[in-house]
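Everything below belongs to input-v5.pdb, which stores PDB, C-alpha atoms, pLDDT in the B column.
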ATOM      1  CA  MET D   1    -251.016  23.779-101.570  1.00 45.00           C
ATOM      2  CA  ILE D   2    -247.924  23.632 -99.371  1.00 50.00           C
ATOM      3  CA  THR D   3    -248.310  21.745 -96.113  1.00 50.00           C
ATOM      4  CA  LEU D   4    -246.025  23.010 -93.374  1.00 52.00           C
ATOM      5  CA  GLN D   5    -244.566  20.432 -91.031  1.00 64.00           C
ATOM      6  CA  LYS D   6    -245.611  20.265 -87.396  1.00 77.00           C
ATOM      7  CA  LEU D   7    -243.185  22.195 -85.190  1.00 79.00           C
ATOM      8  CA  THR D   8    -243.087  22.557 -81.455  1.00 81.00           C
ATOM      9  CA  PRO D   9    -243.164  26.151 -80.220  1.00 83.00           C
ATOM     10  CA  THR D  10    -239.482  25.895 -79.258  1.00 83.00           C
ATOM     11  CA  GLN D  11    -238.472  24.503 -82.646  1.00 83.00           C
ATOM     12  CA  SER D  12    -240.482  27.196 -84.393  1.00 82.00           C
ATOM     13  CA  THR D  13    -238.807  29.944 -82.364  1.00 84.00           C
ATOM     14  CA  ILE D  14    -235.325  28.586 -83.057  1.00 85.00           C
ATOM     15  CA  ILE D  15    -235.899  28.111 -86.791  1.00 86.00           C
ATOM     16  CA  ARG D  16    -237.584  31.480 -87.269  1.00 84.00           C
ATOM     17  CA  SER D  17    -234.781  33.325 -85.443  1.00 83.00           C
ATOM     18  CA  ALA D  18    -232.181  31.464 -87.538  1.00 84.00           C
ATOM     19  CA  ALA D  19    -234.026  32.433 -90.728  1.00 84.00           C
ATOM     20  CA  ARG D  20    -233.614  36.105 -89.772  1.00 80.00           C
ATOM     21  CA  HIS D  21    -229.845  35.641 -89.341  1.00 79.00           C
ATOM     22  CA  PRO D  22    -227.900  36.409 -92.562  1.00 74.00           C
ATOM     23  CA  GLU D  23    -226.035  33.091 -92.429  1.00 78.00           C
ATOM     24  CA  GLY D  24    -228.901  31.039 -90.991  1.00 82.00           C
ATOM     25  CA  ARG D  25    -226.965  30.499 -87.743  1.00 82.00           C
ATOM     26  CA  ILE D  26    -228.887  28.813 -84.919  1.00 83.00           C
ATOM     27  CA  ALA D  27    -229.059  30.733 -81.657  1.00 77.00           C
ATOM     28  CA  VAL D  28    -230.467  28.465 -78.965  1.00 73.00           C
ATOM     29  CA  LEU D  29    -232.629  30.194 -76.387  1.00 71.00           C
ATOM     30  CA  ALA D  30    -230.865  31.038 -73.113  1.00 72.00           C
ATOM     31  CA  THR D  31    -233.786  29.561 -71.183  1.00 77.00           C
ATOM     32  CA  LEU D  32    -233.352  26.229 -72.981  1.00 77.00           C
ATOM     33  CA  GLN D  33    -230.831  24.212 -70.955  1.00 79.00           C
ATOM     34  CA  GLY D  34    -229.736  20.657 -70.270  1.00 81.00           C
ATOM     35  CA  GLY D  35    -231.739  17.815 -71.715  1.00 84.00           C
ATOM     36  CA  ALA D  36    -234.345  20.060 -73.311  1.00 84.00           C
ATOM     37  CA  ARG D  37    -231.635  21.820 -75.306  1.00 83.00           C
ATOM     38  CA  ALA D  38    -230.084  18.533 -76.463  1.00 83.00           C
ATOM     39  CA  ASN D  39    -233.462  17.005 -77.350  1.00 86.00           C
ATOM     40  CA  THR D  40    -234.546  20.050 -79.340  1.00 85.00           C
ATOM     41  CA  LEU D  41    -231.296  20.211 -81.319  1.00 83.00           C
ATOM     42  CA  ASN D  42    -231.329  16.438 -81.922  1.00 85.00           C
ATOM     43  CA  GLY D  43    -234.900  16.650 -83.191  1.00 86.00           C
ATOM     44  CA  LEU D  44    -233.944  19.402 -85.628  1.00 87.00           C
ATOM     45  CA  LEU D  45    -230.846  17.465 -86.745  1.00 87.00           C
ATOM     46  CA  LYS D  46    -232.811  14.200 -87.317  1.00 89.00           C
ATOM     47  CA  ARG D  47    -235.343  15.937 -89.533  1.00 87.00           C
ATOM     48  CA  GLY D  48    -232.544  17.575 -91.551  1.00 87.00           C
ATOM     49  CA  TRP D  49    -233.657  21.100 -90.713  1.00 87.00           C
ATOM     50  CA  ILE D  50    -230.247  22.069 -89.284  1.00 86.00           C
ATOM     51  CA  VAL D  51    -226.665  20.859 -89.763  1.00 89.00           C
ATOM     52  CA  GLU D  52    -223.607  21.083 -87.563  1.00 87.00           C
ATOM     53  CA  ALA D  53    -221.156  23.718 -88.729  1.00 82.00           C
ATOM     54  CA  GLY D  54    -217.962  24.319 -86.799  1.00 78.00           C
ATOM     55  CA  ASP D  55    -218.873  25.560 -83.341  1.00 79.00           C
ATOM     56  CA  GLY D  56    -222.617  25.806 -83.958  1.00 81.00           C
ATOM     57  CA  HIS D  57    -225.493  24.845 -86.225  1.00 85.00           C
ATOM     58  CA  LEU D  58    -226.839  26.263 -89.487  1.00 86.00           C
ATOM     59  CA  LEU D  59    -230.325  26.166 -90.952  1.00 86.00           C
ATOM     60  CA  THR D  60    -230.684  23.995 -94.079  1.00 87.00           C
ATOM     61  CA  ASP D  61    -232.870  24.588 -97.131  1.00 86.00           C
ATOM     62  CA  ALA D  62    -235.311  22.073 -95.641  1.00 86.00           C
ATOM     63  CA  GLY D  63    -235.376  24.162 -92.457  1.00 84.00           C
ATOM     64  CA  TYR D  64    -236.294  27.271 -94.435  1.00 84.00           C
ATOM     65  CA  ALA D  65    -238.976  25.302 -96.311  1.00 85.00           C
ATOM     66  CA  THR D  66    -240.422  24.127 -92.985  1.00 83.00           C
ATOM     67  CA  ILE D  67    -241.445  27.692 -92.143  1.00 83.00           C
ATOM     68  CA  GLY D  68    -242.423  28.525 -95.726  1.00 84.00           C
ATOM     69  CA  GLN D  69    -239.344  30.581 -96.623  1.00 82.00           C
ATOM     70  CA  GLN D  70    -236.426  30.293 -99.003  1.00 82.00           C
ATOM     71  CA  ARG D  71    -232.753  30.706 -98.190  1.00 80.00           C
ATOM     72  CA  PRO D  72    -231.776  34.321 -98.897  1.00 75.00           C
ATOM     73  CA  SER D  73    -229.352  34.861-101.751  1.00 71.00           C
ATOM     74  CA  PRO D  74    -225.730  35.298-100.648  1.00 63.00           C
ATOM     75  CA  PRO D  75    -224.356  38.827-100.481  1.00 53.00           C
ATOM     76  CA  PRO D  76    -222.380  39.981-103.524  1.00 51.00           C
ATOM     77  CA  THR D  77    -218.697  39.122-103.508  1.00 49.00           C
ATOM     78  CA  ILE D  78    -216.164  41.829-102.784  1.00 44.00           C
ATOM     79  CA  ASP D  79    -213.943  42.640-105.727  1.00 48.00           C
ATOM     80  CA  ASP D  80    -210.445  44.103-105.658  1.00 47.00           C
ATOM     81  CA  SER D  81    -211.649  47.705-105.604  1.00 44.00           C
ATOM     82  CA  PRO D  82    -210.044  50.031-103.052  1.00 49.00           C
ATOM     83  CA  VAL D  83    -211.264  49.424 -99.532  1.00 42.00           C
ATOM     84  CA  ARG D  84    -213.327  52.224 -98.030  1.00 39.00           C
ATOM     85  CA  GLU D  85    -214.971  52.545 -94.671  1.00 41.00           C
ATOM     86  CA  ILE D  86    -218.560  51.279 -94.603  1.00 37.00           C
ATOM     87  CA  VAL D  87    -220.962  53.558 -92.739  1.00 43.00           C
ATOM     88  CA  GLN D  88    -223.278  51.726 -90.344  1.00 46.00           C
ATOM     89  CA  PRO D  89    -226.747  53.278 -90.322  1.00 61.00           C
ATOM     90  CA  CYS D  90    -228.246  54.051 -86.951  1.00 74.00           C
ATOM     91  CA  ARG D  91    -231.110  51.965 -85.593  1.00 79.00           C
ATOM     92  CA  SER D  92    -234.566  53.217 -86.501  1.00 78.00           C
ATOM     93  CA  GLY D  93    -236.729  54.621 -83.736  1.00 82.00           C
ATOM     94  CA  THR D  94    -233.803  55.990 -81.719  1.00 88.00           C
ATOM     95  CA  LYS D  95    -233.165  59.608 -80.864  1.00 90.00           C
ATOM     96  CA  LEU D  96    -230.099  59.558 -83.107  1.00 89.00           C
ATOM     97  CA  ALA D  97    -232.309  58.412 -85.999  1.00 87.00           C
ATOM     98  CA  LYS D  98    -234.579  61.385 -85.319  1.00 88.00           C
ATOM     99  CA  VAL D  99    -231.559  63.710 -85.439  1.00 89.00           C
ATOM    100  CA  VAL D 100    -230.377  62.242 -88.751  1.00 88.00           C
ATOM    101  CA  ALA D 101    -233.898  62.497 -90.225  1.00 87.00           C
ATOM    102  CA  ALA D 102    -234.160  66.145 -89.163  1.00 89.00           C
ATOM    103  CA  LEU D 103    -230.748  66.917 -90.660  1.00 90.00           C
ATOM    104  CA  GLN D 104    -231.739  65.292 -93.972  1.00 89.00           C
ATOM    105  CA  ASN D 105    -234.547  67.826 -94.340  1.00 87.00           C
ATOM    106  CA  PRO D 106    -233.615  70.210 -97.214  1.00 87.00           C
ATOM    107  CA  ASP D 107    -234.133  73.170 -94.844  1.00 87.00           C
ATOM    108  CA  GLY D 108    -231.954  71.539 -92.187  1.00 89.00           C
ATOM    109  CA  ALA D 109    -232.579  71.863 -88.462  1.00 91.00           C
ATOM    110  CA  THR D 110    -231.649  74.264 -85.697  1.00 91.00           C
ATOM    111  CA  ILE D 111    -230.358  73.285 -82.283  1.00 91.00           C
ATOM    112  CA  PHE D 112    -233.753  74.217 -80.833  1.00 90.00           C
ATOM    113  CA  GLN D 113    -235.612  71.961 -83.298  1.00 90.00           C
ATOM    114  CA  LEU D 114    -233.267  69.074 -82.485  1.00 91.00           C
ATOM    115  CA  MET D 115    -233.794  69.711 -78.762  1.00 90.00           C
ATOM    116  CA  CYS D 116    -237.567  69.500 -79.233  1.00 88.00           C
ATOM    117  CA  CYS D 117    -237.473  66.184 -81.124  1.00 86.00           C
ATOM    118  CA  THR D 118    -234.977  64.461 -78.780  1.00 88.00           C
ATOM    119  CA  GLY D 119    -235.356  66.107 -75.379  1.00 89.00           C
ATOM    120  CA  TRP D 120    -231.571  66.613 -75.231  1.00 91.00           C
ATOM    121  CA  GLN D 121    -229.708  69.679 -73.984  1.00 93.00           C
ATOM    122  CA  PRO D 122    -227.874  71.888 -76.529  1.00 91.00           C
ATOM    123  CA  HIS D 123    -224.417  70.592 -75.560  1.00 93.00           C
ATOM    124  CA  THR D 124    -225.626  67.019 -76.054  1.00 93.00           C
ATOM    125  CA  ILE D 125    -226.941  67.877 -79.523  1.00 93.00           C
ATOM    126  CA  ARG D 126    -223.610  69.448 -80.518  1.00 92.00           C
ATOM    127  CA  GLY D 127    -221.737  66.429 -79.158  1.00 92.00           C
ATOM    128  CA  ALA D 128    -223.988  64.029 -81.068  1.00 90.00           C
ATOM    129  CA  LEU D 129    -223.463  66.004 -84.279  1.00 91.00           C
ATOM    130  CA  SER D 130    -219.711  65.943 -83.853  1.00 89.00           C
ATOM    131  CA  GLY D 131    -219.172  62.494 -82.390  1.00 88.00           C
ATOM    132  CA  MET D 132    -221.932  60.262 -83.704  1.00 85.00           C
ATOM    133  CA  VAL D 133    -223.189  61.842 -86.913  1.00 86.00           C
ATOM    134  CA  ARG D 134    -219.858  63.073 -88.262  1.00 83.00           C
ATOM    135  CA  LYS D 135    -217.353  60.583 -86.866  1.00 83.00           C
ATOM    136  CA  LYS D 136    -219.232  57.316 -86.269  1.00 83.00           C
ATOM    137  CA  LEU D 137    -221.788  57.491 -89.099  1.00 85.00           C
ATOM    138  CA  GLY D 138    -219.406  59.326 -91.451  1.00 84.00           C
ATOM    139  CA  LEU D 139    -222.024  61.804 -92.643  1.00 87.00           C
ATOM    140  CA  SER D 140    -221.003  65.278 -93.786  1.00 89.00           C
ATOM    141  CA  VAL D 141    -222.789  67.923 -91.722  1.00 91.00           C
ATOM    142  CA  ILE D 142    -222.635  71.566 -92.731  1.00 92.00           C
ATOM    143  CA  SER D 143    -223.786  74.498 -90.677  1.00 92.00           C
ATOM    144  CA  THR D 144    -224.892  77.871 -91.969  1.00 92.00           C
ATOM    145  CA  LYS D 145    -225.936  81.000 -90.174  1.00 90.00           C
ATOM    146  CA  ALA D 146    -228.012  83.750 -91.733  1.00 80.00           C
ATOM    147  CA  ALA D 147    -227.382  87.326 -90.633  1.00 80.00           C
ATOM    148  CA  GLY D 148    -229.101  87.718 -87.258  1.00 77.00           C
ATOM    149  CA  GLY D 149    -230.577  84.212 -87.432  1.00 82.00           C
ATOM    150  CA  GLU D 150    -229.984  80.856 -85.817  1.00 86.00           C
ATOM    151  CA  ARG D 151    -227.381  78.365 -86.983  1.00 90.00           C
ATOM    152  CA  VAL D 152    -228.894  75.673 -89.217  1.00 92.00           C
ATOM    153  CA  TYR D 153    -227.344  72.204 -89.582  1.00 93.00           C
ATOM    154  CA  ARG D 154    -227.942  69.871 -92.535  1.00 91.00           C
ATOM    155  CA  ILE D 155    -226.489  66.715 -94.026  1.00 89.00           C
ATOM    156  CA  THR D 156    -225.003  67.171 -97.486  1.00 82.00           C
TER     157      THR D 156
END
Write the structure described by the file as structure tokens, please.
Amino acid sequence: MITLQKLTPTQSTIIRSAARHPEGRIAVLATLQGGARANTLNGLLKRGWIVEAGDGHLLTDAGYATIGQQRPSPPPTIDDSPVREIVQPCRSGTKLAKVVAALQNPDGATIFQLMCCTGWQPHTIRGALSGMVRKKLGLSVISTKAAGGERVYRIT
């Protein structure tokens, strides 16, 4: 049985937020100032849960073990392959995520369907398709129009 060490609520918050950071970087709470900030960081340093690194602090393996986690494996190294633009996915739960999900449907989506799921006006939908989906996210959007029907947009 693993026994977790006793943490103060502030120490727990700091260590858990650092564990979510890809590098294990410590982000001290904005509400923690003055002596409380120094005492909290000194307490973490004394126990070996964090180390000083350049202009900040990093979580150690002992710090991860304190909250019952392991250090995540490092990201794969970049080889000498040609550099290409990396597409940043949109945040989940946003209206833009709803638009992308609707466009990924094999049947696609019409402007009216996109208006219903986002509450946006038609010109805003067209602008989002052009500016955010095509340019910022780098997704290829095609539009088709059946004879006498509405225009349907889908991501290829």
Between atom CA of Thr66 of chain D and atom CA of Ser12 of chain D, distance in Å (one decimal):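 One can read the atom CA of Thr66 of chain D to atom CA of Ser12 of chain D distance as 9.1 Å.
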Contacts of Gln104 of chain D within 10 Å, only C-alpha atoms, excl. fewer than 2 positions in-chain, as a JSON list (two decimals) with C-alpha atoms, in the frame of the given file:
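New file result-v1.json:
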[["chain", "number", "residue", "atom", "x", "y", "z"],
["D", 98, "LYS", "CA", -234.58, 61.38, -85.32],
["D", 99, "VAL", "CA", -231.56, 63.71, -85.44],
["D", 100, "VAL", "CA", -230.38, 62.24, -88.75],
["D", 101, "ALA", "CA", -233.90, 62.50, -90.22],
["D", 102, "ALA", "CA", -234.16, 66.14, -89.16],
["D", 106, "PRO", "CA", -233.62, 70.21, -97.21],
["D", 107, "ASP", "CA", -234.13, 73.17, -94.84],
["D", 108, "GLY", "CA", -231.95, 71.54, -92.19],
["D", 109, "ALA", "CA", -232.58, 71.86, -88.46],
["D", 141, "VAL", "CA", -222.79, 67.92, -91.72],
["D", 153, "TYR", "CA", -227.34, 72.20, -89.58],
["D", 154, "ARG", "CA", -227.94, 69.87, -92.54],
["D", 155, "ILE", "CA", -226.49, 66.72, -94.03],
["D", 156, "THR", "CA", -225.00, 67.17, -97.49]]
Set up a box along x, y and z of the file covering all listed atoms of segment 132-150 of chain D, add 5 Å on every one of the six sides, and write the centre and edge lengths in Å to one decimal, as JSON.
{"center_x": -224.0, "center_y": 72.5, "center_z": -88.7, "size_x": 23.2, "size_y": 40.4, "size_z": 20.1}
Between atom CA of Gly54 of chain D and atom CA of Ile67 of chain D, what is the distance, to one decimal in Å?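 Those two atoms sit 24.3 Å apart.
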Report the distance between atom CA of Trp49 of chain D and atom CA of Ala30 of chain D in Å, rounded to one decimal place.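 Atom CA of Ala30 of chain D lies at a distance of 20.4 Å from atom CA of Trp49 of chain D.
You can rank D:Ser130, D:Thr8, D:Ser143, D:Thr94 by their closest distance to Asn39 of chain D using only C-alpha atoms, and at the top of that list sits D:Thr8.
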Exercise: Arg16 of chain D partners within 10 Å, all atoms listed in the file, chain neighbours under 6 positions left out, as a list in words: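 Close residues of Arg16 of chain D: Thr10, Gly24, Ile26, Leu59, Gly63, Tyr64, Thr66, Ile67 and Gln69 of chain D.
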Measuring between only C-alpha atoms, which one of D:Val152, D:Ile142, D:Ala65, D:Leu129 shows the shortest distance to Thr110 of chain D?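 Among the listed residues, D:Val152 lies closest to Thr110 of chain D.
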Written as a ChimeraX atom specification, which residues does the PyMOL selection byres ((chain D and resi 95) around 12) give for the file shown? /D:90-94,96-102,114-120,124-125,128,132-133
Hits of the PyMOL selection byres ((chain D and resi 28) around 9) in this structure, as a ChimeraX atom specification: /D:14,26-27,29-32,37,41
Write out as a ChimeraX atom specification each polymer residue whose atoms come within 9 Å of Arg47 of chain D, counting all atoms listed in the file; drop sequence neighbours fewer than 4 positions from it. /D:42-43,62-63
Selection above as a file: C-alpha atoms, as a CSV table (one decimal), in the frame of the given file:
chain,number,residue,atom,x,y,z
D,42,ASN,CA,-231.3,16.4,-81.9
D,43,GLY,CA,-234.9,16.6,-83.2
D,62,ALA,CA,-235.3,22.1,-95.6
D,63,GLY,CA,-235.4,24.2,-92.5
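Nearest residue to Arg20 of chain D, choosing from D:His123, D:Lys136, D:Arg71, D:Lys6 and counting only C-alpha atoms: D:Arg71.
Comparing D:Gln11, D:Lys145, D:Arg151, D:Ser73 by their smallest distance to Leu44 of chain D, the closest is D:Gln11 (using all atoms listed in the file).
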Just add all heavy atoms to segment 7-18 of chain D and send it as a compact mmCIF listing (two decimals), in the coordinates of the input.
# COMPACT_ATOMS: atom_id res chain seq x y z
N LEU D 7 -244.31 21.75 -86.01
CA LEU D 7 -243.18 22.20 -85.19
C LEU D 7 -243.66 22.43 -83.77
O LEU D 7 -244.77 22.91 -83.55
CB LEU D 7 -242.62 23.52 -85.72
CG LEU D 7 -241.96 23.53 -87.09
CD1 LEU D 7 -241.70 24.96 -87.51
CD2 LEU D 7 -240.66 22.76 -87.04
N THR D 8 -242.79 22.16 -82.83
CA THR D 8 -243.09 22.56 -81.46
C THR D 8 -242.85 24.05 -81.36
O THR D 8 -242.15 24.63 -82.20
CB THR D 8 -242.18 21.82 -80.45
OG1 THR D 8 -240.84 22.26 -80.64
CG2 THR D 8 -242.28 20.32 -80.61
N PRO D 9 -243.41 24.72 -80.36
CA PRO D 9 -243.16 26.15 -80.22
C PRO D 9 -241.67 26.49 -80.10
O PRO D 9 -241.21 27.49 -80.66
CB PRO D 9 -243.92 26.52 -78.94
CG PRO D 9 -245.00 25.49 -78.84
CD PRO D 9 -244.41 24.24 -79.40
N THR D 10 -240.91 25.66 -79.41
CA THR D 10 -239.48 25.90 -79.26
C THR D 10 -238.77 25.75 -80.59
O THR D 10 -237.94 26.59 -80.96
CB THR D 10 -238.88 24.92 -78.23
OG1 THR D 10 -239.59 25.05 -77.00
CG2 THR D 10 -237.41 25.21 -77.99
N GLN D 11 -239.09 24.69 -81.34
CA GLN D 11 -238.47 24.50 -82.65
C GLN D 11 -238.82 25.66 -83.58
O GLN D 11 -237.96 26.16 -84.31
CB GLN D 11 -238.94 23.18 -83.27
CG GLN D 11 -238.40 21.96 -82.60
CD GLN D 11 -239.03 20.69 -83.15
OE1 GLN D 11 -240.15 20.70 -83.66
NE2 GLN D 11 -238.29 19.58 -83.04
N SER D 12 -240.05 26.09 -83.55
CA SER D 12 -240.48 27.20 -84.39
C SER D 12 -239.70 28.47 -84.07
O SER D 12 -239.24 29.17 -84.97
CB SER D 12 -241.97 27.43 -84.21
OG SER D 12 -242.40 28.54 -84.95
N THR D 13 -239.54 28.75 -82.78
CA THR D 13 -238.81 29.94 -82.36
C THR D 13 -237.36 29.89 -82.83
O THR D 13 -236.82 30.86 -83.35
CB THR D 13 -238.85 30.10 -80.83
OG1 THR D 13 -240.22 30.17 -80.42
CG2 THR D 13 -238.12 31.34 -80.37
N ILE D 14 -236.73 28.74 -82.67
CA ILE D 14 -235.32 28.59 -83.06
C ILE D 14 -235.16 28.72 -84.57
O ILE D 14 -234.28 29.44 -85.05
CB ILE D 14 -234.77 27.23 -82.56
CG1 ILE D 14 -234.65 27.26 -81.04
CG2 ILE D 14 -233.43 26.92 -83.19
CD1 ILE D 14 -234.29 25.93 -80.42
N ILE D 15 -236.02 28.06 -85.33
CA ILE D 15 -235.90 28.11 -86.79
C ILE D 15 -236.21 29.50 -87.32
O ILE D 15 -235.52 30.02 -88.20
CB ILE D 15 -236.80 27.03 -87.45
CG1 ILE D 15 -236.20 25.66 -87.16
CG2 ILE D 15 -236.93 27.25 -88.94
CD1 ILE D 15 -237.02 24.50 -87.70
N ARG D 16 -237.23 30.14 -86.79
CA ARG D 16 -237.58 31.48 -87.27
C ARG D 16 -236.49 32.51 -86.94
O ARG D 16 -236.21 33.39 -87.73
CB ARG D 16 -238.93 31.91 -86.71
CG ARG D 16 -240.07 31.14 -87.32
CD ARG D 16 -241.44 31.61 -86.82
NE ARG D 16 -242.47 30.69 -87.22
CZ ARG D 16 -242.99 30.63 -88.44
NH1 ARG D 16 -242.58 31.45 -89.36
NH2 ARG D 16 -243.94 29.75 -88.72
N SER D 17 -235.86 32.39 -85.77
CA SER D 17 -234.78 33.33 -85.44
C SER D 17 -233.56 33.06 -86.32
O SER D 17 -232.87 33.98 -86.73
CB SER D 17 -234.41 33.26 -83.96
OG SER D 17 -233.82 32.02 -83.65
N ALA D 18 -233.30 31.79 -86.65
CA ALA D 18 -232.18 31.46 -87.54
C ALA D 18 -232.44 31.98 -88.95
O ALA D 18 -231.52 32.42 -89.64
CB ALA D 18 -231.95 29.96 -87.56
